Number of protein chains: 2
Amino acid sequence: VNEPIRDKGYAGWLRYESIEDEKVKQIYSNWCSMLSVTGQSGCLQTAKQELITGLQAMLGVQPSDWHDSTSNHLGRIVLGVAGSSPLIDQALAWSNHGASDSDGYAILSGTDEQGRYLALAGFTERGALYAVFHFLKLLQTRKELEGLAIQEIPRNGLRMINQWDNMDGSIERGYAGKSIFYENNRIVEDVTRVRDYARLLASVGMNAISINNVNVHQWETKLITNQGLTDVKRMAEVFRGYGIRLYLSINFASPIEIGGLTTADPLDLDVAKWWRARAEEIYSQIPDFGGFLVKADSEFRPGPFTYGRNHADGANMLAEAIGPYGGTVIWRCFVYNCLQDWRDRSTDRAKAAYDHFMPLDGEFKDNVILQIKNGPMDFQVREPVSPLFGGLTRTNQVLELQITQEYTGQQRHLCYLVPQWKEVLDYDTYALGEGSSVASTASGSLFKRPLGGMAAVSNIGNDSNWTGHDLAQANLFGFGRLAWNPSLSAEDIAKEWIQMTFSCDSEVEATLLRMLMDSRDIYESYTAPLGVGWMVNPNHHYGPNVDGYEYAKWGTYHFADCKGIGVDRTLSSGTGYSAQYHSPQSNVYESLDSCPDELLLFFHHVPYTHRLKSGKTVIQHIYDAHFEGAEQAEALLNKWDLLAAKIDTLRHERVRYRLVDQAEHAKEWRDAINTYFYRKSGIKDEHHRMIY
Amino acid sequence: VNEPIRDKGYAGWLRYESIEDEKVKQIYSNWCSMLSVTGQSGCLQTAKQELITGLQAMLGVQPSDWHDSTSNHLGRIVLGVAGSSPLIDQALAWSNHGASDSDGYAILSGTDEQGRYLALAGFTERGALYAVFHFLKLLQTRKELEGLAIQEIPRNGLRMINQWDNMDGSIERGYAGKSIFYENNRIVEDVTRVRDYARLLASVGMNAISINNVNVHQWETKLITNQGLTDVKRMAEVFRGYGIRLYLSINFASPIEIGGLTTADPLDLDVAKWWRARAEEIYSQIPDFGGFLVKADSEFRPGPFTYGRNHADGANMLAEAIGPYGGTVIWRCFVYNCLQDWRDRSTDRAKAAYDHFMPLDGEFKDNVILQIKNGPMDFQVREPVSPLFGGLTRTNQVLELQITQEYTGQQRHLCYLVPQWKEVLDYDTYALGEGSSVASTASGSLFKRPLGGMAAVSNIGNDSNWTGHDLAQANLFGFGRLAWNPSLSAEDIAKEWIQMTFSCDSEVEATLLRMLMDSRDIYESYTAPLGVGWMVNPNHHYGPNVDGYEYAKWGTYHFADCKGIGVDRTLSSGTGYSAQYHSPQSNVYESLDSCPDELLLFFHHVPYTHRLKSGKTVIQHIYDAHFEGAEQAEALLNKWDLLAAKIDTLRHERVRYRLVDQAEHAKEWRDAINTYFYRKSGIKDEHHRMIY
């Protein structure tokens with residue numbers, strides 16, 4: 001009775017619940033009686049342990065060690081890396097890839113003279129670990145094990161998580177408790193929680209992590225000092241066990257702040273020398289250190305501009321320092337004028353990243369990657385895709401997404417973000433004609449770049465279920481899955497996650513799938529109509545405030561007046577942002593006729609009486625979307641309540657609490673926004689609903 | 001050369017600059033050659049020291065001790081309290097007041113057989129101290145000393161300062177640095193600064209201070225524990241030297257939080273007993289302890305409502321505990337629903353204080369005072385007067401003002417508040433027919449109440465000039481002067497302050513006087529038109545944000561739509577707030593025809609095209625006021641610049657920096673507000689000025 005309630009949310013999607021169907025359990029057990037592993041080092045050892053843990057939990061028994069001599073015809077699992085056994089090599093033979101740095105793997109099942117076998121084969125140890133997690137997922141999702149011939153190669157080389165954790169324990173834009181990495185300006189002693197996080201990340205194929213906020217303050221600046229590195233090294237070891245390379249966000253002004261120099265000029269020889277010495281020290285302690293993540297000359301962070309240098313000067317200097325050790329510099333493109341005068345309609349924040357970085361295309365070293373946010377603004381629920389994708393052709397790129405729900409409900413509202421990310425990845429830039437998707441430019445495949453991938457800002461903290469909202473775990477999971485394979489569907493990812501995390505019950509799956517898949521559209525409906533964005537409270541970004549950013553310096557406006565709303569970003573009469581895209585996308589956005597409804601107010605200023613493609617006027621769309629969105633938010637709660645008997649009480653109550661909150665807050669959004677626009681336009685709702 | 005720049009702002013108005021005019025100096029010196037003081041205790045000693053310090057500074061010499069034997073016909077000053085000498089008693093003979101608790105004093109000059117005399121006579125030692133400060137002021141302002149017959153009795157018994165200082169060193173709504181009282185959750189060791197503050201307060205007649213924020217948090221709650229009192233006692237001693245009684249803000253939930261009880265119910269016997277024991281301890285350490293200041297059941301502070309009791313139950317219980325020792329409970333009336341639904345137009349925050357406290361009139365003990373903010377909302381630049389003044393007839397009252405410029409420019413904008421306070425004090429409540437001023441209800445004279453007075457939230461911090469903006473010192477000075485005598489004019493107070501603080505030069509006086517006297521109207525012009533209020537950024541309350549509080553829970557709305565603006569608070573069609581006033585004021589506000597322009601939008605919702613008494617439409621008034629206000633703000637800077645040669649560089653530059661800031665920020669206000677209303681109304685400025 002005194003035993004604390006076990007939080008089923010803690011395991012995330014690695015639940016490994018005991019399989020209740022005895023028949024299924026027996027079949028699986030028959031396949032998994034014996035285990036053969038060749039090799040002991042690094043990730044392979046982790047892989048073996050994860051496999052044993054998972055099988056023990058689901059099947060109730062551990063496999064016995066298999067030896068060639070044991071020709072007893074019991075099912076056996078063979079786990080290993082290329083070259084470790086004929087069966088492993090046979091599993092990997094499908095691919096002519098074979099590059100030793102590949103993270104790919106294969107799962108092959110069959111029967112040979114010694115009985116049934118299951119080969120879990122990685123090109124590398126990391127691949128072997130992925131094979132194990134994949135195999136366990138097959139059991140979690142009750143898949144048939146007969147005749148497996150699974151072959152996986154990640155589409156993206158870099159599959160990275162950015163932590164925005166500060167050493168005081170806070171997390172910038174964190175909505176799930178405090179940092180699991182830091183406490184009182186120190187890296188934590190007890191790494192249990194960090195290791196469990198590494199497991200979750202590795203299980204969906206993540207291979208890189210930066211462990212401190214891109215806004216690098218006083219304490220975080222010192223992480224690259226000798227003293228700081230002692231602790232960083234401990235973190236790196238934890239992640240190394242799960243095949244994840246550790247990166248640090250660095251302060252561009254470090255040579256001044258901790259180096260005793262008077263400048264951080266990237267072309268100053270002493271500065272370059274200082275960074276080389278730091279690199280040498282870092283790599284002597286952490287030989288597989290990933291590299292630096294840099295936010296420079298952005299939102300008051302220092303950078304090369306101070307010295308009249310450009311981003312390439314800054315990034316290349318750092319790249320030269322860590323290049324010899326195999327390190328990479330990831331340089332963020334989130335650069336814009338954050339002291340804009342709201343009266344000035346000619347400056348357009350949406351244009352800034354492209355204007356800053358396009359002139360430098362081709363100037364960056366091969367171990368520099370530019371990290372580009374999905375949209376030109378900042379993680380709104382709806383934005384067009386950044387024109388840097390398809391724009392840059394001679395520069396390594398990473399697509400940056402935000403898992404933490406800064407502008408999408410802060411893990412108090414349900415917002416499954418994978419559909420949004422899919423739209424971004426599938427977006428056709430037309431850079432090399434039709435079929436030039438963002439997925440292909442980010443991965444590097446379109447322009448044959450040596451490096452590329454996807455990065456995302458994490459949504460976890462020390463809440464016992466990691467993400468506050470249990471259903472927000474789907475976003476962390478989904479990002480990993482998409483980074484591995486951007487062509488997966490949002491629906492398939494959701495199904496897999498539901499089965500692993502909650503239940504294979506068909507009602508649970510169907511209901512939760514609908515909830516997840518609808519959630520982003522619902523959130524968009526009652527918050528941000530037609531691509532307008534930014535109608536939130538400043539600073540914390542939670543809750544409605546239509547004019548919150550309207551008279552501010554952040555370059556984020558909607559220009560609503562009594563006649564109409566929207567930002568004219570056309571070439572013909574506006575800021576010209578639409579011209580940053582390749583044709584035909586530029587024409588699609590330029591023309592009021594072809595611009596899609598959901599981005600209309602991002603590209604055009606129109607009267608409230610403008611008719612959308614839907615046939616509705618803009619004002620009626622605003623009213624309808626907000627009334628309907630709030631109703632749908634309430635319906636989410638009703639759907640969830642139907643599952644009460646099929647989900648453990650703790651998680652059900654916890655999610656329920658948030659859905660109640662969301663339903664209530666959706667009404668606040670509805671009323672604040674409808675009232676604002678009714679008061680401003682004076683146009684009545686056609687359906688005479690209550691507007692205040 | 002290494003000597004630090006002496007900040008002339010530190011002395012405030014107690015500058016005591018050496019008198020340069022040798023002739024004047026000689027005349028003054030002739031009057032002040034000798035000094036006779038009878039008595040040594042308490043304030044009299046302080047008075048003597050202050051007198052010597054002041055004379056030494058201004059005249060360059062100290063007076064010699066005078067004895068009757070010294071019949072040398074040199075001018076002598078006789079300082080003392082009633083009964084200490086015939087000359088003192090002669091000076092005090094004008095009054096039949098004579099009550100020993102009076103803070104009154106007299107200054108009499110003449111010639112007797114022993115030569116010239118100057119009698120500085122207090123009914124009490126505190127009065128003697130006031131006489132000294134008054135006398136020194138005569139020298140500072142170059143007054144004739146011949147034939148003086150000054151007689152002063154304060155109109156208000158309680159003349160109190162409220163510090164909103166927190167023990168972590170922060171100051172709620174503080175704009176001049178950190179607390180001079182606290183550091184790191186302790187009362188400071190070095191009391192130099194506190195003593196210098198006490199001097200400033202005593203010099204303008206203040207006799208009470210509460211030293212901690214009315215929002216009493218964890219650390220501050222402990223000030224009334226035995227341990228806390230050790231430090232409080234040290235503070236009390238400092239203030240006692242200047243005739244100022246010390247009060248503490250208390251946490252109504254103290255019996256639970258530090259008393260180990262399970263309730264704070266005011267009718268619970270253990271709770272009452274606990275407070276009595278605390279009172280006994282407090283008074284054993286601080287025999288002249290003033291009492292408790294209480295913010296209860298307000299903005300999430302605990303209070304009697306929790307236990308189904310009312311404010312009288314709460315206040316009286318505390319009053320019984322400290323009454324036997326001569327203590328007073330000051331209970332704030334700032335009580336309203338701070339979780340209001342903005343959609344609900346029937347609830348009116350303006351009505352709340354009256355609705356809460358009027359039913360309790362006559363229920364409070366004689367040592368309870370209700371502290372009532374000047375207006376029904378919260379220290380806006382323009383509000384009507386609280387109808388509790390004139391409403392309550394059987395309850396002690398204190399008028400609460402805010403010296404710290406929370407809503408009036410935060411000591412970055414110039415805003416001399418004395419004209420605003422004068423409007424409040426002179427306001428006729430008609431409680432007993434014409435002539436029932438707020439000044440007379442607050443002092444207690446109108447309804448013959450035993451206690452009454454004025455209190456105000458301080459504007460000082462540890463900035464070297466106390467108030468950040470040097471000219472904001474005028475508000476602290478002015479409050480003290482008005483608390484002493486509400487019938488002084490804003491202009492006379494300003495003149496006195498200018499002469500004492502800056503110079504008796506006529507150009508300095510004329511220019512600064514104009515700047516001060518115009519400043520509140522200017523601030524109102526470019527911020528809050530026609531009594532609307534609350535168009536500020538939430539939380540910190542600085543800078544324009546027309547909708548900042550429009551969809552919030554604080555009960556603070558303007559209801560602007562495309563047709564009009566304002567809150568209908570009439571009885572006939574609105575919230576009925578206007579009926580809380582006595583006739584004829586209630587009728588004045590009720591009628592659109594008689595309601596004064598400057599309060600129009602506080603009482604009425606009108607179309608933008610409504611014509612004001614000025615002949616302008618509401619919208620044109622908004623535009624004009626904002627354009628003109630911004631221009632006038634700029635003109636303040638130009639005026640100040642003319643004085644550059646006549647004011648020391650440090651203070652001139654410091655004020656200049658703020659005036660530049662104000663001029664710039666006034667444009668931001670102008671443009672944000674004009675743009676908001678232009679976009680909303682669609683009505684063009686008649687004069688075609690730039691609106692964005």
# chains A, B, ... in the order shown; residues from 1 in each chain; ligands from 1
>>> interface_residues(of="chain A", to="chain B", cutoff="8 Å", atoms="only C-alpha atoms", output="JSON list (two decimals) with N, CA and C atoms, in the first residue's frame")
[["chain", "number", "residue", "atom", "x", "y", "z"],
["A", 343, "ARG", "N", 6.50, 50.91, -36.85],
["A", 343, "ARG", "CA", 5.94, 51.84, -37.84],
["A", 343, "ARG", "C", 6.51, 51.56, -39.24],
["A", 545, "ASN", "N", -3.64, 37.26, -27.35],
["A", 545, "ASN", "CA", -3.41, 38.70, -27.21],
["A", 545, "ASN", "C", -3.19, 39.23, -28.62],
["A", 547, "ASP", "N", -3.18, 42.04, -30.15],
["A", 547, "ASP", "CA", -2.22, 43.13, -30.37],
["A", 547, "ASP", "C", -0.94, 42.94, -29.56],
["A", 548, "GLY", "N", -0.76, 41.76, -28.99],
["A", 548, "GLY", "CA", 0.38, 41.54, -28.10],
["A", 548, "GLY", "C", 1.72, 41.94, -28.73],
["A", 551, "TYR", "N", 2.62, 46.36, -31.60],
["A", 551, "TYR", "CA", 3.35, 47.63, -31.49],
["A", 551, "TYR", "C", 4.71, 47.37, -30.84],
["A", 560, "ALA", "N", -3.94, 44.69, -38.52],
["A", 560, "ALA", "CA", -5.41, 44.71, -38.56],
["A", 560, "ALA", "C", -5.93, 46.12, -38.32],
["A", 561, "ASP", "N", -6.85, 46.57, -39.17],
["A", 561, "ASP", "CA", -7.56, 47.81, -38.90],
["A", 561, "ASP", "C", -9.04, 47.55, -39.11],
["A", 562, "CYS", "N", -9.84, 48.61, -39.15],
["A", 562, "CYS", "CA", -11.28, 48.37, -39.21],
["A", 562, "CYS", "C", -11.71, 47.82, -40.56],
["A", 563, "LYS", "N", -10.83, 47.83, -41.54],
["A", 563, "LYS", "CA", -11.21, 47.35, -42.87],
["A", 563, "LYS", "C", -10.64, 45.97, -43.21],
["A", 672, "ALA", "N", -11.74, 35.97, -27.09],
["A", 672, "ALA", "CA", -10.84, 37.12, -27.20],
["A", 672, "ALA", "C", -10.64, 37.48, -28.67],
["A", 678, "TYR", "N", -14.59, 41.44, -34.07],
["A", 678, "TYR", "CA", -15.93, 42.01, -34.17],
["A", 678, "TYR", "C", -15.90, 43.49, -33.79],
["A", 679, "ARG", "N", -15.21, 43.77, -32.69],
["A", 679, "ARG", "CA", -15.12, 45.18, -32.27],
["A", 679, "ARG", "C", -14.41, 46.02, -33.33],
["A", 680, "LYS", "N", -13.43, 45.40, -33.95],
["A", 680, "LYS", "CA", -12.62, 46.17, -34.91],
["A", 680, "LYS", "C", -13.34, 46.34, -36.24],
["A", 681, "SER", "N", -13.97, 45.27, -36.72],
["A", 681, "SER", "CA", -14.59, 45.32, -38.05],
["A", 681, "SER", "C", -16.02, 45.82, -37.99],
["A", 682, "GLY", "N", -16.69, 45.59, -36.87],
["A", 682, "GLY", "CA", -18.10, 45.95, -36.80],
["A", 682, "GLY", "C", -18.99, 45.00, -37.60],
["A", 692, "TYR", "N", -18.57, 39.07, -27.66],
["A", 692, "TYR", "CA", -18.72, 40.02, -26.56],
["A", 692, "TYR", "C", -18.33, 41.46, -26.92]]
>>> residues_around(residues="Arg394 of chain A", least_positions_apart="5", cutoff="12 Å", atoms="only C-alpha atoms", output="MDAnalysis selection string")
chainID A and resid 357:366 368:370 388:389 441:442 444:452
>>> select_by_dssp(residues="segment 78-163 of chain B", states="helix (DSSP H, G or I)", output="ChimeraX atom specification")
/B:86-92,125-140
>>> residues_around(residues="segment 312-329 of chain B", least_positions_apart="3", cutoff="8 Å", atoms="only C-alpha atoms", output="PyMOL selection string")
chain B and resi 266-267+272+275-276+279-280+283+287-294+303-304+309+360+363-365+367-369
>>> select_by_dssp(residues="segment 330-495 of chain A", states="strand (DSSP E or B)", output="list in words")
Ile330, Trp331, Arg332, Val368, Ile369, Leu370, Gln371, Ile372, Lys373, Leu392, Asn396, Gln397, Val398, Leu399, Glu400, Leu401, Gln402, Asp428, Ala431, Gly433, Ser437, Gly452, Gly453, Met454, Ala455, Ala456 and Val457 of chain A
>>> atom_distance(atom1="atom CA of Gln420 of chain B", atom2="atom CA of Leu643 of chain B")
26.2 Å
>>> atom_distance(atom1="atom CA of Ala106 of chain A", atom2="atom CA of Trp497 of chain A")
21.2 Å
>>> residues_around(residues="Arg186 of chain A", least_positions_apart="4", cutoff="9 Å", atoms="only C-alpha atoms", output="JSON list (two decimals) with all heavy atoms, in the first residue's frame")
[["chain", "number", "residue", "atom", "x", "y", "z"],
["A", 167, "MET", "N", 21.95, 26.12, -16.83],
["A", 167, "MET", "CA", 22.59, 25.45, -15.69],
["A", 167, "MET", "C", 21.95, 25.78, -14.34],
["A", 167, "MET", "O", 22.19, 25.09, -13.35],
["A", 167, "MET", "CB", 24.09, 25.75, -15.69],
["A", 167, "MET", "CG", 24.78, 25.02, -16.85],
["A", 167, "MET", "SD", 26.58, 25.15, -16.81],
["A", 167, "MET", "CE", 26.94, 24.08, -15.42],
["A", 168, "ASP", "N", 21.11, 26.81, -14.31],
["A", 168, "ASP", "CA", 20.39, 27.06, -13.06],
["A", 168, "ASP", "C", 19.21, 26.11, -12.90],
["A", 168, "ASP", "O", 18.46, 26.20, -11.93],
["A", 168, "ASP", "CB", 19.92, 28.52, -12.96],
["A", 168, "ASP", "CG", 18.92, 28.88, -14.04],
["A", 168, "ASP", "OD1", 18.51, 27.99, -14.81],
["A", 168, "ASP", "OD2", 18.54, 30.06, -14.12],
["A", 169, "GLY", "N", 19.04, 25.22, -13.87],
["A", 169, "GLY", "CA", 17.98, 24.23, -13.78],
["A", 169, "GLY", "C", 16.73, 24.60, -14.55],
["A", 169, "GLY", "O", 15.84, 23.78, -14.73],
["A", 181, "PHE", "N", 19.43, 17.82, -16.57],
["A", 181, "PHE", "CA", 20.88, 17.88, -16.76],
["A", 181, "PHE", "C", 21.59, 18.71, -15.67],
["A", 181, "PHE", "O", 22.74, 18.43, -15.33],
["A", 181, "PHE", "CB", 21.23, 18.49, -18.12],
["A", 181, "PHE", "CG", 20.81, 17.65, -19.28],
["A", 181, "PHE", "CD1", 19.54, 17.77, -19.84],
["A", 181, "PHE", "CD2", 21.69, 16.72, -19.82],
["A", 181, "PHE", "CE1", 19.15, 16.99, -20.91],
["A", 181, "PHE", "CE2", 21.31, 15.95, -20.90],
["A", 181, "PHE", "CZ", 20.04, 16.07, -21.45],
["A", 182, "TYR", "N", 20.91, 19.73, -15.20],
["A", 182, "TYR", "CA", 21.58, 20.71, -14.34],
["A", 182, "TYR", "C", 20.79, 21.00, -13.07],
["A", 182, "TYR", "O", 19.56, 20.92, -13.05],
["A", 182, "TYR", "CB", 21.78, 22.04, -15.08],
["A", 182, "TYR", "CG", 22.40, 21.89, -16.43],
["A", 182, "TYR", "CD1", 21.62, 21.97, -17.58],
["A", 182, "TYR", "CD2", 23.77, 21.65, -16.56],
["A", 182, "TYR", "CE1", 22.18, 21.83, -18.83],
["A", 182, "TYR", "CE2", 24.34, 21.51, -17.82],
["A", 182, "TYR", "CZ", 23.54, 21.59, -18.96],
["A", 182, "TYR", "OH", 24.10, 21.45, -20.18],
["A", 219, "TRP", "N", 27.27, 30.86, -16.75],
["A", 219, "TRP", "CA", 27.74, 29.56, -16.28],
["A", 219, "TRP", "C", 27.99, 28.59, -17.44],
["A", 219, "TRP", "O", 28.95, 27.83, -17.44],
["A", 219, "TRP", "CB", 26.70, 28.95, -15.32],
["A", 219, "TRP", "CG", 26.71, 29.64, -13.99],
["A", 219, "TRP", "CD1", 25.91, 30.68, -13.60],
["A", 219, "TRP", "CD2", 27.57, 29.37, -12.89],
["A", 219, "TRP", "NE1", 26.22, 31.06, -12.32],
["A", 219, "TRP", "CE2", 27.23, 30.28, -11.85],
["A", 219, "TRP", "CE3", 28.60, 28.44, -12.67],
["A", 219, "TRP", "CZ2", 27.88, 30.29, -10.62],
["A", 219, "TRP", "CZ3", 29.23, 28.45, -11.43],
["A", 219, "TRP", "CH2", 28.89, 29.36, -10.43],
["A", 228, "GLY", "N", 34.89, 22.72, -16.46],
["A", 228, "GLY", "CA", 33.57, 22.38, -16.98],
["A", 228, "GLY", "C", 33.58, 21.04, -17.71],
["A", 228, "GLY", "O", 32.64, 20.25, -17.58],
["A", 231, "ASP", "N", 32.80, 17.57, -16.06],
["A", 231, "ASP", "CA", 31.40, 17.17, -15.95],
["A", 231, "ASP", "C", 30.78, 16.83, -17.30],
["A", 231, "ASP", "O", 29.99, 15.90, -17.41],
["A", 231, "ASP", "CB", 30.59, 18.29, -15.27],
["A", 231, "ASP", "CG", 30.77, 18.31, -13.76],
["A", 231, "ASP", "OD1", 31.14, 17.25, -13.22],
["A", 231, "ASP", "OD2", 30.53, 19.35, -13.14]]
>>> residues_around(residues="segment 508-525 of chain B", least_positions_apart="2", cutoff="8 Å", atoms="only C-alpha atoms", output="PyMOL selection string")
chain B and resi 381-382+408-409+413-417+419-420+490-491+494-495+498-499+502-506+527-529+625-626+628-630+632-633+636+639-640+643+646
>>> residues_around(residues="segment 349-352 of chain A", least_positions_apart="6", cutoff="8 Å", atoms="only C-alpha atoms", output="list of chain:residue names")
A:Val335, A:Tyr336, A:Asn337, A:Pro376, A:Met377, A:Gly555, A:Thr556, A:Tyr577, A:Gln580
>>> write_last_selection(atoms="all heavy atoms", output="PDB file, in the first residue's frame")
ATOM      1  N   VAL A 335      18.519  34.745 -37.530  1.00  0.00           N
ATOM      2  CA  VAL A 335      19.144  36.064 -37.400  1.00  0.00           C
ATOM      3  C   VAL A 335      18.204  37.104 -38.013  1.00  0.00           C
ATOM      4  O   VAL A 335      17.783  36.957 -39.157  1.00  0.00           O
ATOM      5  CB  VAL A 335      20.511  36.095 -38.122  1.00  0.00           C
ATOM      6  CG1 VAL A 335      21.123  37.483 -38.046  1.00  0.00           C
ATOM      7  CG2 VAL A 335      21.453  35.049 -37.541  1.00  0.00           C
ATOM      8  N   TYR A 336      17.870  38.122 -37.239  1.00  0.00           N
ATOM      9  CA  TYR A 336      16.978  39.173 -37.742  1.00  0.00           C
ATOM     10  C   TYR A 336      17.120  40.392 -36.843  1.00  0.00           C
ATOM     11  O   TYR A 336      17.715  40.317 -35.766  1.00  0.00           O
ATOM     12  CB  TYR A 336      15.518  38.691 -37.753  1.00  0.00           C
ATOM     13  CG  TYR A 336      14.966  38.431 -36.376  1.00  0.00           C
ATOM     14  CD1 TYR A 336      14.188  39.390 -35.723  1.00  0.00           C
ATOM     15  CD2 TYR A 336      15.244  37.244 -35.700  1.00  0.00           C
ATOM     16  CE1 TYR A 336      13.713  39.170 -34.438  1.00  0.00           C
ATOM     17  CE2 TYR A 336      14.780  37.016 -34.422  1.00  0.00           C
ATOM     18  CZ  TYR A 336      14.016  37.986 -33.787  1.00  0.00           C
ATOM     19  OH  TYR A 336      13.556  37.769 -32.523  1.00  0.00           O
ATOM     20  N   ASN A 337      16.544  41.501 -37.295  1.00  0.00           N
ATOM     21  CA  ASN A 337      16.574  42.727 -36.499  1.00  0.00           C
ATOM     22  C   ASN A 337      15.490  42.659 -35.421  1.00  0.00           C
ATOM     23  O   ASN A 337      14.306  42.760 -35.720  1.00  0.00           O
ATOM     24  CB  ASN A 337      16.332  43.929 -37.420  1.00  0.00           C
ATOM     25  CG  ASN A 337      16.199  45.224 -36.630  1.00  0.00           C
ATOM     26  OD1 ASN A 337      16.495  45.264 -35.428  1.00  0.00           O
ATOM     27  ND2 ASN A 337      15.751  46.272 -37.296  1.00  0.00           N
ATOM     28  N   PRO A 376      10.097  31.072 -41.774  1.00  0.00           N
ATOM     29  CA  PRO A 376      10.895  32.292 -41.728  1.00  0.00           C
ATOM     30  C   PRO A 376      10.703  33.103 -40.447  1.00  0.00           C
ATOM     31  O   PRO A 376      11.458  34.027 -40.204  1.00  0.00           O
ATOM     32  CB  PRO A 376      10.383  33.079 -42.938  1.00  0.00           C
ATOM     33  CG  PRO A 376       8.970  32.642 -43.082  1.00  0.00           C
ATOM     34  CD  PRO A 376       8.945  31.197 -42.677  1.00  0.00           C
ATOM     35  N   MET A 377       9.669  32.772 -39.659  1.00  0.00           N
ATOM     36  CA  MET A 377       9.421  33.566 -38.453  1.00  0.00           C
ATOM     37  C   MET A 377       9.955  32.825 -37.224  1.00  0.00           C
ATOM     38  O   MET A 377      11.134  32.923 -36.929  1.00  0.00           O
ATOM     39  CB  MET A 377       7.921  33.889 -38.318  1.00  0.00           C
ATOM     40  CG  MET A 377       7.379  34.731 -39.469  1.00  0.00           C
ATOM     41  SD  MET A 377       8.193  36.352 -39.670  1.00  0.00           S
ATOM     42  CE  MET A 377       7.303  37.333 -38.484  1.00  0.00           C
ATOM     43  N   GLY A 555       9.238  42.696 -34.978  1.00  0.00           N
ATOM     44  CA  GLY A 555       9.019  42.446 -36.406  1.00  0.00           C
ATOM     45  C   GLY A 555       7.868  41.495 -36.698  1.00  0.00           C
ATOM     46  O   GLY A 555       7.890  40.802 -37.708  1.00  0.00           O
ATOM     47  N   THR A 556       6.874  41.513 -35.827  1.00  0.00           N
ATOM     48  CA  THR A 556       5.808  40.501 -35.869  1.00  0.00           C
ATOM     49  C   THR A 556       4.446  41.168 -35.839  1.00  0.00           C
ATOM     50  O   THR A 556       3.897  41.402 -34.773  1.00  0.00           O
ATOM     51  CB  THR A 556       5.931  39.615 -34.616  1.00  0.00           C
ATOM     52  OG1 THR A 556       6.124  40.503 -33.486  1.00  0.00           O
ATOM     53  CG2 THR A 556       7.116  38.686 -34.707  1.00  0.00           C
ATOM     54  N   TYR A 577       8.905  39.551 -50.035  1.00  0.00           N
ATOM     55  CA  TYR A 577       9.323  38.259 -49.501  1.00  0.00           C
ATOM     56  C   TYR A 577       8.967  37.109 -50.434  1.00  0.00           C
ATOM     57  O   TYR A 577       9.728  36.148 -50.574  1.00  0.00           O
ATOM     58  CB  TYR A 577       8.673  38.040 -48.129  1.00  0.00           C
ATOM     59  CG  TYR A 577       8.797  36.649 -47.585  1.00  0.00           C
ATOM     60  CD1 TYR A 577      10.025  36.157 -47.132  1.00  0.00           C
ATOM     61  CD2 TYR A 577       7.683  35.803 -47.522  1.00  0.00           C
ATOM     62  CE1 TYR A 577      10.135  34.870 -46.627  1.00  0.00           C
ATOM     63  CE2 TYR A 577       7.789  34.516 -47.024  1.00  0.00           C
ATOM     64  CZ  TYR A 577       9.005  34.045 -46.578  1.00  0.00           C
ATOM     65  OH  TYR A 577       9.108  32.775 -46.088  1.00  0.00           O
ATOM     66  N   GLN A 580      11.463  35.403 -52.668  1.00  0.00           N
ATOM     67  CA  GLN A 580      12.581  34.576 -52.182  1.00  0.00           C
ATOM     68  C   GLN A 580      12.389  33.104 -52.549  1.00  0.00           C
ATOM     69  O   GLN A 580      13.293  32.300 -52.355  1.00  0.00           O
ATOM     70  CB  GLN A 580      12.749  34.731 -50.666  1.00  0.00           C
ATOM     71  CG  GLN A 580      13.265  36.123 -50.259  1.00  0.00           C
ATOM     72  CD  GLN A 580      13.578  36.238 -48.770  1.00  0.00           C
ATOM     73  OE1 GLN A 580      13.151  35.423 -47.967  1.00  0.00           O
ATOM     74  NE2 GLN A 580      14.339  37.259 -48.408  1.00  0.00           N
TER      75      GLN A 580
END
